[in-house]
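Trainee: Next up, data34.cif (mmCIF, C-alpha atoms).
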```cif
data_model
loop_
_atom_site.group_PDB
_atom_site.id
_atom_site.type_symbol
_atom_site.label_atom_id
_atom_site.label_comp_id
_atom_site.auth_asym_id
_atom_site.auth_seq_id
_atom_site.Cartn_x
_atom_site.Cartn_y
_atom_site.Cartn_z
ATOM 1 C CA MET A 1 2.036 9.481 -5.745
ATOM 2 C CA PRO A 2 -1.657 8.587 -6.092
ATOM 3 C CA GLU A 3 -3.578 7.726 -2.958
ATOM 4 C CA LEU A 4 -5.130 4.261 -2.831
ATOM 5 C CA SER A 5 -6.943 4.535 0.472
ATOM 6 C CA ARG A 6 -7.154 6.353 3.795
ATOM 7 C CA PHE A 7 -8.387 4.985 7.124
ATOM 8 C CA TYR A 8 -7.673 5.598 10.837
ATOM 9 C CA ASN A 9 -5.181 8.380 9.926
ATOM 10 C CA ILE A 10 -3.273 5.889 7.763
ATOM 11 C CA VAL A 11 -2.645 6.936 4.166
ATOM 12 C CA VAL A 12 -1.891 4.264 1.559
ATOM 13 C CA LYS A 13 -0.312 5.262 -1.752
ATOM 14 C CA MET A 14 1.135 3.535 -4.783
ATOM 15 C CA ILE A 15 3.825 4.960 -7.050
ATOM 16 C CA TYR A 16 3.822 4.584 -10.822
ATOM 17 C CA SER A 17 6.745 2.566 -12.270
ATOM 18 C CA ASP A 18 7.930 1.649 -8.745
ATOM 19 C CA ASP A 19 9.141 -1.886 -9.429
ATOM 20 C CA SER A 20 12.913 -1.440 -9.225
ATOM 21 C CA GLN A 21 13.630 -0.835 -5.534
ATOM 22 C CA HIS A 22 11.687 -3.580 -3.727
ATOM 23 C CA HIS A 23 11.210 -5.965 -6.679
ATOM 24 C CA LYS A 24 7.769 -7.122 -5.586
ATOM 25 C CA PRO A 25 4.248 -5.689 -5.643
ATOM 26 C CA HIS A 26 3.965 -3.189 -2.796
ATOM 27 C CA PHE A 27 2.448 0.057 -1.607
ATOM 28 C CA HIS A 28 3.574 2.886 0.636
ATOM 29 C CA VAL A 29 2.022 3.673 4.004
ATOM 30 C CA TYR A 30 2.137 6.949 5.923
ATOM 31 C CA TYR A 31 1.033 7.371 9.509
ATOM 32 C CA ASN A 32 2.044 10.531 11.403
ATOM 33 C CA GLU A 33 5.860 10.603 11.216
ATOM 34 C CA TYR A 34 6.098 6.947 10.148
ATOM 35 C CA GLU A 35 6.605 5.702 6.602
ATOM 36 C CA ALA A 36 6.830 2.162 5.304
ATOM 37 C CA ALA A 37 6.792 0.108 2.131
ATOM 38 C CA VAL A 38 4.539 -2.939 2.526
ATOM 39 C CA GLY A 39 4.202 -5.849 0.121
ATOM 40 C CA VAL A 40 0.752 -6.708 -1.172
ATOM 41 C CA ASP A 41 1.229 -9.923 0.819
ATOM 42 C CA GLY A 42 1.558 -7.863 4.030
ATOM 43 C CA GLU A 43 5.337 -8.125 4.416
ATOM 44 C CA LEU A 44 7.119 -5.040 5.772
ATOM 45 C CA LEU A 45 9.725 -4.255 3.103
ATOM 46 C CA ALA A 46 11.168 -0.995 4.417
ATOM 47 C CA GLY A 47 10.531 1.659 7.037
ATOM 48 C CA LYS A 48 8.562 1.448 10.274
ATOM 49 C CA LEU A 49 4.989 1.602 11.510
ATOM 50 C CA PRO A 50 3.583 1.201 15.024
ATOM 51 C CA VAL A 51 2.440 -2.404 15.582
ATOM 52 C CA LYS A 52 -1.264 -1.521 15.824
ATOM 53 C CA GLN A 53 -1.259 0.431 12.554
ATOM 54 C CA PHE A 54 0.822 -2.234 10.803
ATOM 55 C CA LYS A 55 -1.722 -4.899 11.781
ATOM 56 C CA LEU A 56 -4.538 -2.671 10.447
ATOM 57 C CA VAL A 57 -2.652 -2.271 7.160
ATOM 58 C CA GLN A 58 -2.072 -6.036 6.937
ATOM 59 C CA ALA A 59 -5.776 -6.705 7.529
ATOM 60 C CA TRP A 60 -6.755 -4.138 4.889
ATOM 61 C CA ALA A 61 -4.269 -5.641 2.406
ATOM 62 C CA ALA A 62 -5.595 -9.161 3.010
ATOM 63 C CA ILE A 63 -9.168 -8.026 2.372
ATOM 64 C CA HIS A 64 -8.230 -6.123 -0.797
ATOM 65 C CA GLU A 65 -5.440 -8.347 -2.149
ATOM 66 C CA ASP A 66 -6.958 -8.773 -5.621
ATOM 67 C CA GLU A 67 -7.599 -5.036 -5.949
ATOM 68 C CA LEU A 68 -4.033 -4.276 -4.827
ATOM 69 C CA TYR A 69 -2.549 -6.621 -7.431
ATOM 70 C CA SER A 70 -4.746 -5.023 -10.075
ATOM 71 C CA ALA A 71 -3.617 -1.527 -9.030
ATOM 72 C CA TRP A 72 0.020 -2.700 -9.006
ATOM 73 C CA ASN A 73 -0.238 -4.140 -12.516
ATOM 74 C CA LYS A 74 -1.629 -0.826 -13.746
ATOM 75 C CA ALA A 75 0.872 1.295 -11.799
ATOM 76 C CA VAL A 76 3.960 -0.437 -13.223
ATOM 77 C CA LYS A 77 2.580 0.297 -16.707
ATOM 78 C CA ASN A 78 1.819 3.931 -15.774
ATOM 79 C CA ILE A 79 -1.914 3.335 -16.142
ATOM 80 C CA PRO A 80 -4.145 5.193 -13.659
ATOM 81 C CA PHE A 81 -5.788 3.020 -11.011
ATOM 82 C CA GLY A 82 -8.748 3.704 -8.772
ATOM 83 C CA ARG A 83 -9.108 4.046 -5.040
ATOM 84 C CA ILE A 84 -9.685 1.060 -2.789
ATOM 85 C CA GLU A 85 -12.322 0.960 -0.051
ATOM 86 C CA PRO A 86 -10.910 1.878 3.383
ATOM 87 C CA LEU A 87 -10.871 -0.433 6.370
ATOM 88 C CA LYS A 88 -14.037 -0.003 8.412
#
```
Now, as a test, write the supplied structure out as structure tokens.
Mentor:
Amino acid sequence: MPELSRFYNIVVKMIYSDDSQHHKPHFHVYYNEYEAAVGVDGELLAGKLPVKQFKLVQAWAAIHEDELYSAWNKAVKNIPFGRIEPLK
């Protein structure tokens, strides 16, 4: 699972061909023992994250929405995508 970004101990990844389970553009977030699937629009689709980290992820996703959609469109076609700037 390729890593998209990493900031404040939050790791964001996107899986190739991962359009069957959640049926919408999304990415996966890992923070300590927490895991979640988050829509590019910031919706929590599955899993859990602490509120503070979830808000950071939502802010990052809002800033990089176009890049996330571009990465998603590549990922579902099994085309490599690049990293996205972390939240600063």
Trainee: Of the residues A:Glu67, A:Gly47, A:Asn9, A:Lys52, which is the one nearest to Glu85 of chain A, using only C-alpha atoms?
Mentor: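 Smallest separation from Glu85 of chain A among the options: A:Glu67.
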Trainee: Once the PyMOL selection byres ((chain A and resi 4) around 9) has been evaluated on this model, what residues remain selected, and can you format them as a PyMOL selection string?
Mentor: chain A and resi 2-3+5-6+11-14+27+68+71+81-86
Trainee: Store the residues picked out above in a file with C-alpha atoms, as a CSV table (one decimal), in the coordinates of the input.
Mentor:
```csv
chain,number,residue,atom,x,y,z
A,2,PRO,CA,-1.7,8.6,-6.1
A,3,GLU,CA,-3.6,7.7,-3.0
A,5,SER,CA,-6.9,4.5,0.5
A,6,ARG,CA,-7.2,6.4,3.8
A,11,VAL,CA,-2.6,6.9,4.2
A,12,VAL,CA,-1.9,4.3,1.6
A,13,LYS,CA,-0.3,5.3,-1.8
A,14,MET,CA,1.1,3.5,-4.8
A,27,PHE,CA,2.4,0.1,-1.6
A,68,LEU,CA,-4.0,-4.3,-4.8
A,71,ALA,CA,-3.6,-1.5,-9.0
A,81,PHE,CA,-5.8,3.0,-11.0
A,82,GLY,CA,-8.7,3.7,-8.8
A,83,ARG,CA,-9.1,4.0,-5.0
A,84,ILE,CA,-9.7,1.1,-2.8
A,85,GLU,CA,-12.3,1.0,-0.1
A,86,PRO,CA,-10.9,1.9,3.4
```
Trainee: What separation in Å, quoted to one decimal, exists between atom CA of Ala37 of chain A and atom CA of Asp66 of chain A?
Mentor: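 Between these atoms lies a distance of 18.1 Å.
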Trainee: Kindly indicate which residue among A:Ile15, A:Ile10, A:Leu45, A:Val76 lies nearest to Glu33 of chain A, using all atoms listed in the file for the distances.
Mentor: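 Closest candidate: A:Ile10.
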Trainee: So, with all atoms listed in the file as the atoms that count, which of A:Tyr31, A:Val51, A:Trp72, A:Ala62 lies closest to Phe7 of chain A?
Mentor: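 The closest residue to Phe7 of chain A is A:Tyr31.
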